[in-house]
>>> print(open('work-v1.cif').read())   # mmCIF, C-alpha atoms (C1' of nucleotides)
data_structure
#
loop_
_atom_site.label_atom_id
_atom_site.label_comp_id
_atom_site.auth_asym_id
_atom_site.auth_seq_id
_atom_site.Cartn_x
_atom_site.Cartn_y
_atom_site.Cartn_z
CA MET A 1 1.51 -21.34 28.10
CA ALA A 2 0.08 -20.62 31.48
CA SER A 3 1.96 -19.63 34.62
CA GLU A 4 5.68 -19.54 35.12
CA HIS A 5 5.45 -19.93 38.88
CA PRO A 6 4.13 -23.27 40.06
CA LEU A 7 1.53 -23.43 42.77
CA PRO A 8 2.62 -24.68 46.18
CA PHE A 9 0.00 -27.40 45.94
CA ASP A 10 -1.60 -29.59 43.30
CA PRO A 11 -4.75 -27.77 42.14
CA ILE A 12 -6.15 -30.88 40.51
CA ASP A 13 -5.76 -32.90 43.66
CA ARG A 14 -7.30 -30.11 45.71
CA ALA A 15 -10.28 -29.97 43.38
CA ALA A 16 -10.64 -33.73 43.63
CA ARG A 17 -10.78 -33.51 47.42
CA ILE A 18 -13.47 -30.86 47.24
CA TRP A 19 -15.47 -32.96 44.82
CA GLN A 20 -15.01 -35.97 47.06
CA ASP A 21 -17.07 -34.31 49.74
CA ARG A 22 -19.87 -33.31 47.43
CA ILE A 23 -20.08 -35.63 44.49
CA GLY A 24 -19.09 -39.20 43.77
CA PRO A 25 -16.89 -39.39 40.69
CA ALA A 26 -14.02 -37.33 42.01
CA THR A 27 -11.56 -39.99 40.88
CA THR A 28 -12.73 -39.78 37.32
CA MET A 29 -12.69 -35.99 37.33
CA ALA A 30 -9.15 -36.04 38.68
CA ALA A 31 -7.94 -38.43 35.98
CA VAL A 32 -9.56 -36.40 33.23
CA THR A 33 -8.18 -33.12 34.50
CA ASN A 34 -4.76 -34.72 34.76
CA VAL A 35 -4.90 -35.85 31.15
CA MET A 36 -5.86 -32.35 30.05
CA ARG A 37 -3.07 -30.75 32.01
CA VAL A 38 -0.36 -33.21 31.05
CA GLN A 39 -1.33 -32.78 27.43
CA GLN A 40 -0.83 -29.04 27.83
CA ILE A 41 2.57 -29.59 29.41
CA LEU A 42 3.72 -32.03 26.75
CA LEU A 43 2.43 -29.98 23.87
CA SER A 44 4.08 -26.89 25.26
CA ALA A 45 7.44 -28.64 25.60
CA VAL A 46 7.21 -30.26 22.19
CA ASP A 47 6.17 -27.06 20.45
CA ALA A 48 8.98 -25.16 22.13
CA ALA A 49 11.48 -27.72 20.86
CA LEU A 50 10.01 -27.55 17.37
CA ARG A 51 9.63 -23.79 17.09
CA PRO A 52 13.26 -23.21 15.99
CA HIS A 53 12.50 -25.58 13.11
CA ASN A 54 9.34 -23.73 12.18
CA LEU A 55 7.16 -26.73 13.00
CA THR A 56 4.27 -27.49 15.31
CA PHE A 57 3.58 -30.97 16.61
CA ALA A 58 0.77 -31.36 14.10
CA ARG A 59 3.03 -30.37 11.22
CA TYR A 60 5.80 -32.58 12.56
CA GLU A 61 3.47 -35.56 12.70
CA ALA A 62 2.39 -34.93 9.13
CA LEU A 63 6.00 -34.73 8.00
CA ALA A 64 6.92 -37.92 9.86
CA LEU A 65 3.96 -39.72 8.35
CA LEU A 66 5.20 -38.85 4.88
CA VAL A 67 8.76 -39.87 5.69
CA PHE A 68 7.56 -43.25 6.86
CA SER A 69 5.35 -43.78 3.85
CA ARG A 70 6.83 -45.94 1.15
CA GLN A 71 6.80 -43.41 -1.66
CA GLY A 72 7.10 -40.31 0.48
CA SER A 73 3.71 -39.41 -0.88
CA LEU A 74 0.14 -39.72 0.43
CA ALA A 75 -3.31 -38.43 -0.43
CA MET A 76 -4.63 -35.62 1.75
CA SER A 77 -7.55 -37.76 2.82
CA VAL A 78 -5.27 -40.61 3.86
CA MET A 79 -3.19 -38.24 5.94
CA GLY A 80 -6.32 -36.94 7.60
CA ARG A 81 -7.46 -40.40 8.56
CA ARG A 82 -4.07 -41.49 9.83
CA LEU A 83 -3.49 -38.36 11.85
CA GLN A 84 -7.15 -38.28 12.88
CA LEU A 85 -7.54 -34.70 11.77
CA HIS A 86 -10.40 -32.78 10.24
CA PRO A 87 -10.01 -32.35 6.46
CA THR A 88 -9.74 -28.60 6.83
CA SER A 89 -6.93 -29.03 9.33
CA VAL A 90 -5.04 -31.15 6.81
CA THR A 91 -5.48 -28.42 4.23
CA ASN A 92 -4.14 -25.85 6.68
CA ILE A 93 -1.17 -28.00 7.71
CA VAL A 94 -0.21 -28.85 4.15
CA ASP A 95 -0.55 -25.19 3.19
CA ARG A 96 2.04 -24.24 5.76
CA LEU A 97 4.39 -27.11 5.03
CA GLN A 98 4.20 -26.26 1.34
CA ALA A 99 4.86 -22.58 2.00
CA ASP A 100 8.02 -23.75 3.75
CA HIS A 101 8.93 -25.96 0.78
CA LEU A 102 8.83 -29.11 2.90
CA VAL A 103 6.11 -30.78 0.83
CA GLU A 104 4.57 -30.40 -2.60
CA ARG A 105 1.07 -30.95 -3.90
CA ALA A 106 0.44 -33.01 -7.01
CA CYS A 107 -2.49 -34.52 -8.83
CA HIS A 108 -3.49 -38.09 -8.28
CA PRO A 109 -2.82 -40.04 -11.47
CA THR A 110 -6.30 -41.50 -11.82
CA ASP A 111 -8.66 -39.80 -9.36
CA ARG A 112 -8.81 -36.13 -10.22
CA ARG A 113 -10.51 -35.26 -6.94
CA THR A 114 -7.67 -36.26 -4.71
CA THR A 115 -4.52 -34.29 -4.08
CA MET A 116 -1.28 -36.09 -3.38
CA VAL A 117 1.22 -34.64 -0.93
CA THR A 118 4.87 -35.46 -1.50
CA ILE A 119 7.71 -34.74 0.88
CA THR A 120 10.70 -32.87 -0.52
CA GLU A 121 14.35 -33.40 0.28
CA ALA A 122 14.20 -30.32 2.47
CA GLY A 123 11.24 -31.90 4.20
CA ARG A 124 13.10 -35.09 4.93
CA HIS A 125 16.01 -33.15 6.30
CA ARG A 126 13.79 -30.94 8.46
CA GLN A 127 12.03 -33.98 9.86
CA LYS A 128 15.36 -35.53 10.76
CA THR A 129 16.68 -32.53 12.64
CA ALA A 130 13.33 -31.96 14.34
CA THR A 131 13.33 -35.56 15.52
CA VAL A 132 16.69 -35.02 17.17
CA ALA A 133 15.30 -31.98 18.93
CA LEU A 134 12.32 -33.96 20.17
CA THR A 135 14.21 -36.99 21.37
CA ASP A 136 16.67 -34.68 23.12
CA ILE A 137 13.85 -33.52 25.36
CA ASP A 138 12.18 -36.97 25.50
CA PHE A 139 9.09 -35.43 23.92
CA GLY A 140 8.59 -33.50 27.14
CA LEU A 141 7.73 -36.63 29.07
CA VAL A 142 9.65 -36.52 32.34
CA GLY A 143 9.48 -38.31 35.65
CA LEU A 144 8.60 -41.82 34.46
CA ASP A 145 10.81 -44.84 33.96
CA ASN A 146 10.38 -47.13 30.99
CA ALA A 147 8.00 -49.47 32.77
CA GLN A 148 5.79 -46.61 33.89
CA THR A 149 5.80 -45.11 30.43
CA SER A 150 4.61 -48.42 29.00
CA GLN A 151 2.00 -48.65 31.72
CA LEU A 152 0.74 -45.19 30.81
CA THR A 153 0.54 -46.19 27.16
CA ALA A 154 -1.35 -49.34 28.07
CA LEU A 155 -3.93 -47.46 30.15
CA LEU A 156 -4.48 -44.79 27.55
CA THR A 157 -4.69 -47.30 24.73
CA GLN A 158 -7.37 -49.09 26.72
CA VAL A 159 -9.33 -45.86 26.95
CA ARG A 160 -8.98 -45.25 23.23
CA ARG A 161 -10.13 -48.73 22.40
CA ALA A 162 -13.16 -48.41 24.66
CA ALA A 163 -13.93 -45.06 23.07
CA GLY A 164 -13.93 -46.69 19.64
CA ASP A 165 -10.81 -44.92 18.46
CA PHE A 166 -9.76 -48.07 16.64
CA VAL A 167 -11.18 -51.53 16.30
CA THR A 168 -8.87 -54.50 16.32
CA ASP A 169 -6.60 -55.78 19.04
CA PRO A 170 -3.30 -53.99 19.69
CA MET B 1 -13.71 -33.47 15.80
CA ALA B 2 -11.83 -35.84 13.61
CA SER B 3 -13.12 -39.01 11.98
CA GLU B 4 -16.38 -40.76 12.60
CA HIS B 5 -15.14 -44.08 11.31
CA PRO B 6 -12.44 -45.72 13.41
CA LEU B 7 -9.40 -47.18 11.78
CA PRO B 8 -9.10 -50.97 11.70
CA PHE B 9 -5.79 -50.69 13.54
CA ASP B 10 -4.19 -48.48 16.16
CA PRO B 11 -2.32 -45.75 14.27
CA ILE B 12 -0.30 -44.79 17.33
CA ASP B 13 0.85 -48.33 17.88
CA ARG B 14 1.68 -48.71 14.21
CA ALA B 15 3.75 -45.53 14.31
CA ALA B 16 5.52 -46.80 17.40
CA ARG B 17 6.49 -50.00 15.60
CA ILE B 18 7.87 -48.03 12.68
CA TRP B 19 9.87 -45.86 15.03
CA GLN B 20 11.10 -48.92 16.85
CA ASP B 21 13.01 -49.98 13.78
CA ARG B 22 14.60 -46.62 13.19
CA ILE B 23 14.91 -44.72 16.40
CA GLY B 24 15.15 -45.59 20.05
CA PRO B 25 12.51 -43.72 22.06
CA ALA B 26 9.47 -45.24 20.41
CA THR B 27 7.97 -45.97 23.82
CA THR B 28 8.11 -42.34 24.83
CA MET B 29 6.68 -41.18 21.54
CA ALA B 30 3.83 -43.66 21.87
CA ALA B 31 2.97 -42.48 25.38
CA VAL B 32 3.03 -38.84 24.35
CA THR B 33 0.89 -39.43 21.30
CA ASN B 34 -1.53 -41.41 23.42
CA VAL B 35 -1.86 -38.54 25.88
CA MET B 36 -2.55 -36.13 23.03
CA ARG B 37 -5.15 -38.37 21.48
CA VAL B 38 -6.94 -39.27 24.71
CA GLN B 39 -7.09 -35.60 25.60
CA GLN B 40 -8.81 -34.96 22.27
CA ILE B 41 -11.29 -37.76 22.92
CA LEU B 42 -12.08 -36.61 26.44
CA LEU B 43 -12.36 -32.96 25.51
CA SER B 44 -14.62 -33.81 22.64
CA ALA B 45 -16.93 -35.89 24.82
CA VAL B 46 -16.97 -33.32 27.58
CA ASP B 47 -17.62 -30.41 25.25
CA ALA B 48 -20.42 -32.32 23.55
CA ALA B 49 -22.06 -32.93 26.92
CA LEU B 50 -21.65 -29.27 27.87
CA ARG B 51 -22.73 -27.73 24.58
CA PRO B 52 -26.47 -27.89 25.37
CA HIS B 53 -25.67 -25.84 28.47
CA ASN B 54 -23.71 -23.29 26.49
CA LEU B 55 -20.48 -24.15 28.28
CA THR B 56 -17.03 -25.33 27.29
CA PHE B 57 -14.84 -27.31 29.66
CA ALA B 58 -12.79 -24.21 30.38
CA ARG B 59 -15.90 -22.21 31.24
CA TYR B 60 -17.27 -25.10 33.27
CA GLU B 61 -14.06 -25.29 35.27
CA ALA B 62 -14.20 -21.59 35.95
CA LEU B 63 -17.80 -21.86 37.09
CA ALA B 64 -17.01 -24.84 39.34
CA LEU B 65 -14.09 -22.99 40.85
CA LEU B 66 -16.39 -20.14 41.81
CA VAL B 67 -19.03 -22.49 43.21
CA PHE B 68 -16.43 -24.14 45.41
CA SER B 69 -15.00 -20.84 46.61
CA ARG B 70 -16.23 -19.72 49.99
CA GLN B 71 -17.83 -16.46 48.92
CA GLY B 72 -18.66 -17.47 45.38
CA SER B 73 -16.27 -14.75 44.36
CA LEU B 74 -12.65 -14.66 43.26
CA ALA B 75 -10.21 -12.21 41.69
CA MET B 76 -9.49 -12.73 37.99
CA SER B 77 -5.83 -13.28 38.75
CA VAL B 78 -6.59 -15.94 41.34
CA MET B 79 -8.79 -17.77 38.89
CA GLY B 80 -6.03 -17.65 36.31
CA ARG B 81 -3.53 -19.16 38.69
CA ARG B 82 -5.85 -21.89 39.92
CA LEU B 83 -6.97 -22.88 36.45
CA GLN B 84 -3.47 -22.41 35.08
CA LEU B 85 -4.67 -20.11 32.34
CA HIS B 86 -3.20 -17.11 30.63
CA PRO B 87 -4.64 -13.82 31.94
CA THR B 88 -6.15 -13.04 28.56
CA SER B 89 -7.87 -16.42 28.53
CA VAL B 90 -9.45 -15.59 31.87
CA THR B 91 -10.70 -12.30 30.45
CA ASN B 92 -12.21 -14.14 27.49
CA ILE B 93 -13.85 -16.81 29.63
CA VAL B 94 -15.29 -14.34 32.10
CA ASP B 95 -16.53 -12.21 29.20
CA ARG B 96 -18.58 -15.10 27.90
CA LEU B 97 -19.84 -16.26 31.27
CA GLN B 98 -20.89 -12.71 32.00
CA ALA B 99 -22.64 -12.38 28.65
CA ASP B 100 -24.64 -15.43 29.68
CA HIS B 101 -25.39 -13.85 33.10
CA LEU B 102 -23.64 -16.66 34.94
CA VAL B 103 -21.11 -14.39 36.64
CA GLU B 104 -20.72 -10.70 37.38
CA ARG B 105 -17.69 -8.47 37.57
CA ALA B 106 -17.17 -6.18 40.55
CA CYS B 107 -14.47 -3.96 41.96
CA HIS B 108 -12.15 -5.22 44.63
CA PRO B 109 -12.88 -3.30 47.85
CA THR B 110 -9.31 -2.14 48.48
CA ASP B 111 -7.18 -2.86 45.40
CA ARG B 112 -8.58 -0.90 42.52
CA ARG B 113 -6.54 -2.84 39.97
CA THR B 114 -8.16 -6.17 40.58
CA THR B 115 -11.54 -7.27 39.30
CA MET B 116 -13.63 -9.66 41.32
CA VAL B 117 -15.77 -12.26 39.61
CA THR B 118 -18.91 -13.37 41.43
CA ILE B 119 -21.13 -16.27 40.47
CA THR B 120 -24.85 -15.56 40.10
CA GLU B 121 -27.74 -17.77 41.10
CA ALA B 122 -28.15 -18.66 37.44
CA GLY B 123 -24.47 -19.58 37.41
CA ARG B 124 -24.83 -21.91 40.38
CA HIS B 125 -27.80 -23.56 38.78
CA ARG B 126 -26.07 -23.95 35.42
CA GLN B 127 -23.04 -25.48 37.08
CA LYS B 128 -25.25 -27.98 38.87
CA THR B 129 -27.05 -29.17 35.76
CA ALA B 130 -23.81 -29.24 33.76
CA THR B 131 -22.23 -31.40 36.45
CA VAL B 132 -25.03 -33.90 36.10
CA ALA B 133 -24.45 -33.99 32.35
CA LEU B 134 -20.74 -34.60 32.90
CA THR B 135 -21.06 -37.29 35.51
CA ASP B 136 -23.66 -39.00 33.34
CA ILE B 137 -20.99 -39.58 30.71
CA ASP B 138 -18.21 -40.17 33.28
CA PHE B 139 -16.39 -37.16 31.86
CA GLY B 140 -15.83 -39.21 28.71
CA LEU B 141 -13.45 -41.56 30.47
CA VAL B 142 -14.42 -45.09 29.50
CA GLY B 143 -12.82 -48.51 29.68
CA LEU B 144 -11.02 -48.22 33.03
CA ASP B 145 -12.05 -49.54 36.42
CA ASN B 146 -11.54 -47.49 39.56
CA ALA B 147 -8.12 -48.92 40.29
CA GLN B 148 -6.90 -48.20 36.78
CA THR B 149 -8.30 -44.70 36.91
CA SER B 150 -6.38 -44.05 40.10
CA GLN B 151 -3.28 -45.56 38.54
CA LEU B 152 -3.63 -43.22 35.59
CA THR B 153 -3.98 -40.25 37.91
CA ALA B 154 -0.91 -41.35 39.84
CA LEU B 155 1.23 -41.65 36.72
CA LEU B 156 0.12 -38.33 35.31
CA THR B 157 0.53 -36.58 38.62
CA GLN B 158 4.08 -37.89 38.72
CA VAL B 159 4.72 -36.36 35.31
CA ARG B 160 3.27 -33.04 36.40
CA ARG B 161 5.38 -32.98 39.52
CA ALA B 162 8.53 -33.76 37.56
CA ALA B 163 7.62 -31.03 35.10
CA GLY B 164 7.37 -28.53 37.95
CA ASP B 165 3.64 -28.08 37.63
CA PHE B 166 3.39 -27.87 41.41
CA VAL B 167 5.82 -28.11 44.22
CA THR B 168 4.84 -29.90 47.40
CA ASP B 169 3.90 -33.51 47.89
CA PRO B 170 0.43 -34.69 46.91
"C1'" DT C 1 -26.92 -44.95 -19.20
"C1'" DT C 2 -28.15 -41.47 -16.31
"C1'" DC C 3 -28.98 -39.22 -12.22
"C1'" DA C 4 -28.60 -39.35 -7.14
"C1'" DA C 5 -25.44 -40.10 -3.50
"C1'" DA C 6 -20.89 -40.23 -1.75
"C1'" DT C 7 -16.10 -38.57 -1.66
"C1'" DG C 8 -12.11 -35.15 -1.78
"C1'" DA C 9 -10.59 -30.75 -1.05
"C1'" DT C 10 -11.08 -25.90 0.02
"C1'" DA C 11 -13.08 -21.20 1.34
"C1'" DG C 12 -15.03 -18.43 4.84
"C1'" DG C 13 -16.32 -17.88 9.52
"C1'" DA C 14 -16.46 -18.80 14.58
"C1'" DC C 15 -14.08 -19.90 18.67
"C1'" DT C 16 -10.19 -20.60 21.68
"C1'" DT C 17 -5.67 -19.76 23.17
"C1'" DC C 18 -1.61 -17.34 23.40
"C1'" DC C 19 1.51 -13.23 22.68
"C1'" DT C 20 2.82 -8.33 22.94
"C1'" DA C 21 1.62 -3.89 24.23
"C1'" DT C 22 -0.76 -0.84 27.10
"C1'" DC C 23 -2.79 1.55 30.90
"C1'" DA C 24 -4.11 1.89 35.75
"C1'" DC C 25 -2.76 1.12 40.07
"C1'" DT C 26 0.21 -0.57 44.00
"C1'" DT C 27 4.47 -1.59 46.33
"C1'" DC C 28 9.16 -1.22 46.98
"C1'" DT C 29 13.41 1.54 47.52
"C1'" DG C 30 16.43 5.07 48.10
"C1'" DC D 1 7.90 10.87 49.62
"C1'" DA D 2 9.12 10.60 44.96
"C1'" DG D 3 10.48 7.43 41.13
"C1'" DA D 4 11.14 2.70 39.68
"C1'" DA D 5 9.58 -1.69 39.49
"C1'" DG D 6 5.92 -4.91 39.83
"C1'" DT D 7 1.03 -6.40 39.42
"C1'" DG D 8 -3.83 -6.70 37.37
"C1'" DA D 9 -6.59 -6.52 33.54
"C1'" DT D 10 -7.65 -5.74 28.71
"C1'" DA D 11 -7.21 -4.63 23.59
"C1'" DG D 12 -5.50 -6.09 19.27
"C1'" DG D 13 -3.44 -9.59 16.58
"C1'" DA D 14 -1.69 -14.22 15.22
"C1'" DA D 15 -2.19 -19.15 15.00
"C1'" DG D 16 -4.69 -23.32 15.21
"C1'" DT D 17 -8.83 -26.13 15.01
"C1'" DC D 18 -13.36 -27.09 13.85
"C1'" DC D 19 -17.84 -26.17 11.46
"C1'" DT D 20 -20.85 -25.39 7.42
"C1'" DA D 21 -21.13 -24.67 2.71
"C1'" DT D 22 -19.45 -25.39 -1.80
"C1'" DC D 23 -17.68 -27.29 -6.02
"C1'" DA D 24 -15.60 -30.96 -8.71
"C1'" DT D 25 -15.35 -35.62 -9.40
"C1'" DT D 26 -16.41 -40.44 -8.83
"C1'" DT D 27 -19.39 -44.28 -7.60
"C1'" DG D 28 -23.55 -46.72 -7.43
"C1'" DA D 29 -28.35 -47.92 -8.48
"C1'" DA D 30 -32.46 -47.90 -11.13
#
>>> encode(input="work-v1.cif", output="structure tokens")
Amino acid sequence: MASEHPLPFDPIDRAARIWQDRIGPATTMAAVTNVMRVQQILLSAVDAALRPHNLTFARYEALALLVFSRQGSLAMSVMGRRLQLHPTSVTNIVDRLQADHLVERACHPTDRRTTMVTITEAGRHRQKTATVALTDIDFGLVGLDNAQTSQLTALLTQVRRAAGDFVTDP
Amino acid sequence: MASEHPLPFDPIDRAARIWQDRIGPATTMAAVTNVMRVQQILLSAVDAALRPHNLTFARYEALALLVFSRQGSLAMSVMGRRLQLHPTSVTNIVDRLQADHLVERACHPTDRRTTMVTITEAGRHRQKTATVALTDIDFGLVGLDNAQTSQLTALLTQVRRAAGDFVTDP
DNA sequence: TTCAAATGATAGGACTTCCTATCACTTCTG
DNA sequence: CAGAAGTGATAGGAAGTCCTATCATTTGAA
């Protein structure tokens, strides 16, 4: 993390005001910087809640994806696409989950290139307790009511759609 | 980065629907995941625009901070607080900017512990051209009009204030 | 059918960030 | 005015992510 002691002013807003005087798109810059900073804050809170369970948010997401899959088992490549991760990141994440006995690797029955990842009972249990930890802290998201949270989701989803993050309608 | 080929559905929304059936705070989870993903998208776009100028967003922010400072010179510790970075990250960033002759280190006149960082002419020039590159791509933020961008900033600022990221009113 | 192209996964390396530990220096306190 | 506590910066190390390169396997096209 960064500093323990908060500034007595909003540095992003201050920067936006400086930009305002010099350059046009201060509004955009402010929004982008805010996204970056809030992501840091959320990730920091989430990782802190997950650390006692020996998970990061990335590993937690992978575990949850497996829990929600019908067979508790997915190909590495499928996980990578769903979690929007680089293949090497999937390898790394699965390595660590496997070292912790939360998942196992197995061969695909027909395609000998692909590796299947299966969640273990320990993995299901870990995911469950980690979920409690996360919901207890509201995933680090504080200060918004339900309507505002939905509004935030709507705005960000709009950005992702415009950026080509996914194709069809929501 | 992650995948080149977008999914034919929104994976975050799909996850939210799955959660909906099992656990309460699907809305919160969706918002948080959206923040994470949009941050990735923005950072990726911004870094791609900055790469030809041998800058990352972190280094660009440091450079901009120096440009906007009155003397073009700040203490390492001040930069760390403004940019909300760990001291060692500041050291790393300044190392690289200095290797590229965009900043110089100097001794503080009175406090011999602190190191001052001064922007060079090359640094000012690089910051200027990099800013053009960034504004050309709107900092990667697409799909929102001005009102929505401001709305996004307002929501995220509210989160940061609630999280104690800064203290006074905006 | 056979060979080129695509796909799946991983190894090795670079970069970034953070942490702890350390050393130099300054400020506070008795 | 000494010693303790705090501050500023950096080195070394761990973790995470991405990149390129590689190898095995599968798919597709001539």
>>> resolve_selection(input="work-v1.cif", expression="the PyMOL selection byres ((chain A) within 8 of (chain C))", output="PyMOL selection string")
chain A and resi 1+77+87-88+91+113-115
>>> write_last_selection(input="work-v1.cif", atoms="C-alpha atoms", output="PDB file, in the coordinates of the input")
ATOM      1  CA  MET A   1       1.510 -21.340  28.100  1.00  0.00           C
ATOM      2  CA  SER A  77      -7.550 -37.760   2.820  1.00  0.00           C
ATOM      3  CA  PRO A  87     -10.010 -32.350   6.460  1.00  0.00           C
ATOM      4  CA  THR A  88      -9.740 -28.600   6.830  1.00  0.00           C
ATOM      5  CA  THR A  91      -5.480 -28.420   4.230  1.00  0.00           C
ATOM      6  CA  ARG A 113     -10.510 -35.260  -6.940  1.00  0.00           C
ATOM      7  CA  THR A 114      -7.670 -36.260  -4.710  1.00  0.00           C
ATOM      8  CA  THR A 115      -4.520 -34.290  -4.080  1.00  0.00           C
TER       9      THR A 115
END
>>> resolve_selection(input="work-v1.cif", expression="the PyMOL selection byres ((chain A) within 12 of (chain D))", output="ChimeraX atom specification")
/A:56-59,85-93,96,110-114
>>> closest_residue(input="work-v1.cif", among="A:Val103, A:Leu55, A:Ala49, A:Met79", to="chain B", atoms="all atoms listed in the file")
A:Met79
>>> resolve_selection(input="work-v1.cif", expression="the PyMOL selection byres ((chain A and resi 117) around 8)", output="list in words")
Ser73, Leu74, Ala75, Met76, Val94, Val103, Glu104, Arg105, Ala106, Thr115, Met116, Thr118 and Ile119 of chain A
>>> atom_distance(input="work-v1.cif", atom1="CA of Leu134 (chain A)", atom2="CA of Val46 (chain A)")
6.6 Å
>>> residues_around(input="work-v1.cif", residues="Leu141 (chain B)", least_positions_apart="5", cutoff="8 Å", atoms="all atoms listed in the file", output="tab-separated table (two decimals) with C-alpha atoms, in the frame of the given file")
chain	number	residue	atom	x	y	z
A	28	THR	CA	-12.73	-39.78	37.32
A	32	VAL	CA	-9.56	-36.40	33.23
A	159	VAL	CA	-9.33	-45.86	26.95
B	42	LEU	CA	-12.08	-36.61	26.44
>>> atom_distance(input="work-v1.cif", atom1="CA of Met29 (chain B)", atom2="CA of Gln98 (chain A)")
25.2 Å
>>> closest_residue(input="work-v1.cif", among="A:Gly80, A:Pro52, A:Gly123, A:Pro109", to="chain B", atoms="only C-alpha atoms")
A:Gly80
>>> atom_distance(input="work-v1.cif", atom1="CA of Ser150 (chain A)", atom2="CA of Asn34 (chain B)")
10.9 Å
>>> build_atoms(input="work-v1.cif", residues="region 120-131 of chain A", atoms="N, CA and C atoms", output="mmCIF file, in the coordinates of the input")
data_model
loop_
_atom_site.group_PDB
_atom_site.id
_atom_site.type_symbol
_atom_site.label_atom_id
_atom_site.label_comp_id
_atom_site.auth_asym_id
_atom_site.auth_seq_id
_atom_site.Cartn_x
_atom_site.Cartn_y
_atom_site.Cartn_z
ATOM 1 N N THR A 120 9.516 -33.277 0.242
ATOM 2 C CA THR A 120 10.700 -32.870 -0.520
ATOM 3 C C THR A 120 11.961 -33.291 0.229
ATOM 4 N N GLU A 121 13.089 -33.094 -0.401
ATOM 5 C CA GLU A 121 14.350 -33.400 0.280
ATOM 6 C C GLU A 121 14.504 -32.508 1.501
ATOM 7 N N ALA A 122 14.147 -31.241 1.331
ATOM 8 C CA ALA A 122 14.200 -30.320 2.470
ATOM 9 C C ALA A 122 13.288 -30.816 3.592
ATOM 10 N N GLY A 123 12.161 -31.378 3.207
ATOM 11 C CA GLY A 123 11.240 -31.900 4.200
ATOM 12 C C GLY A 123 11.821 -33.066 4.975
ATOM 13 N N ARG A 124 12.466 -33.953 4.258
ATOM 14 C CA ARG A 124 13.100 -35.090 4.930
ATOM 15 C C ARG A 124 14.179 -34.621 5.892
ATOM 16 N N HIS A 125 14.931 -33.657 5.456
ATOM 17 C CA HIS A 125 16.010 -33.150 6.300
ATOM 18 C C HIS A 125 15.452 -32.470 7.543
ATOM 19 N N ARG A 126 14.409 -31.649 7.339
ATOM 20 C CA ARG A 126 13.790 -30.940 8.460
ATOM 21 C C ARG A 126 13.225 -31.935 9.468
ATOM 22 N N GLN A 127 12.607 -32.980 8.966
ATOM 23 C CA GLN A 127 12.030 -33.980 9.860
ATOM 24 C C GLN A 127 13.136 -34.635 10.703
ATOM 25 N N LYS A 128 14.268 -34.868 10.054
ATOM 26 C CA LYS A 128 15.360 -35.530 10.760
ATOM 27 C C LYS A 128 15.877 -34.650 11.906
ATOM 28 N N THR A 129 16.138 -33.396 11.592
ATOM 29 C CA THR A 129 16.680 -32.530 12.640
ATOM 30 C C THR A 129 15.635 -32.275 13.734
ATOM 31 N N ALA A 130 14.379 -32.182 13.338
ATOM 32 C CA ALA A 130 13.330 -31.960 14.340
ATOM 33 C C ALA A 130 13.212 -33.170 15.256
ATOM 34 N N THR A 131 13.399 -34.358 14.696
ATOM 35 C CA THR A 131 13.330 -35.560 15.520
ATOM 36 C C THR A 131 14.422 -35.566 16.571
#
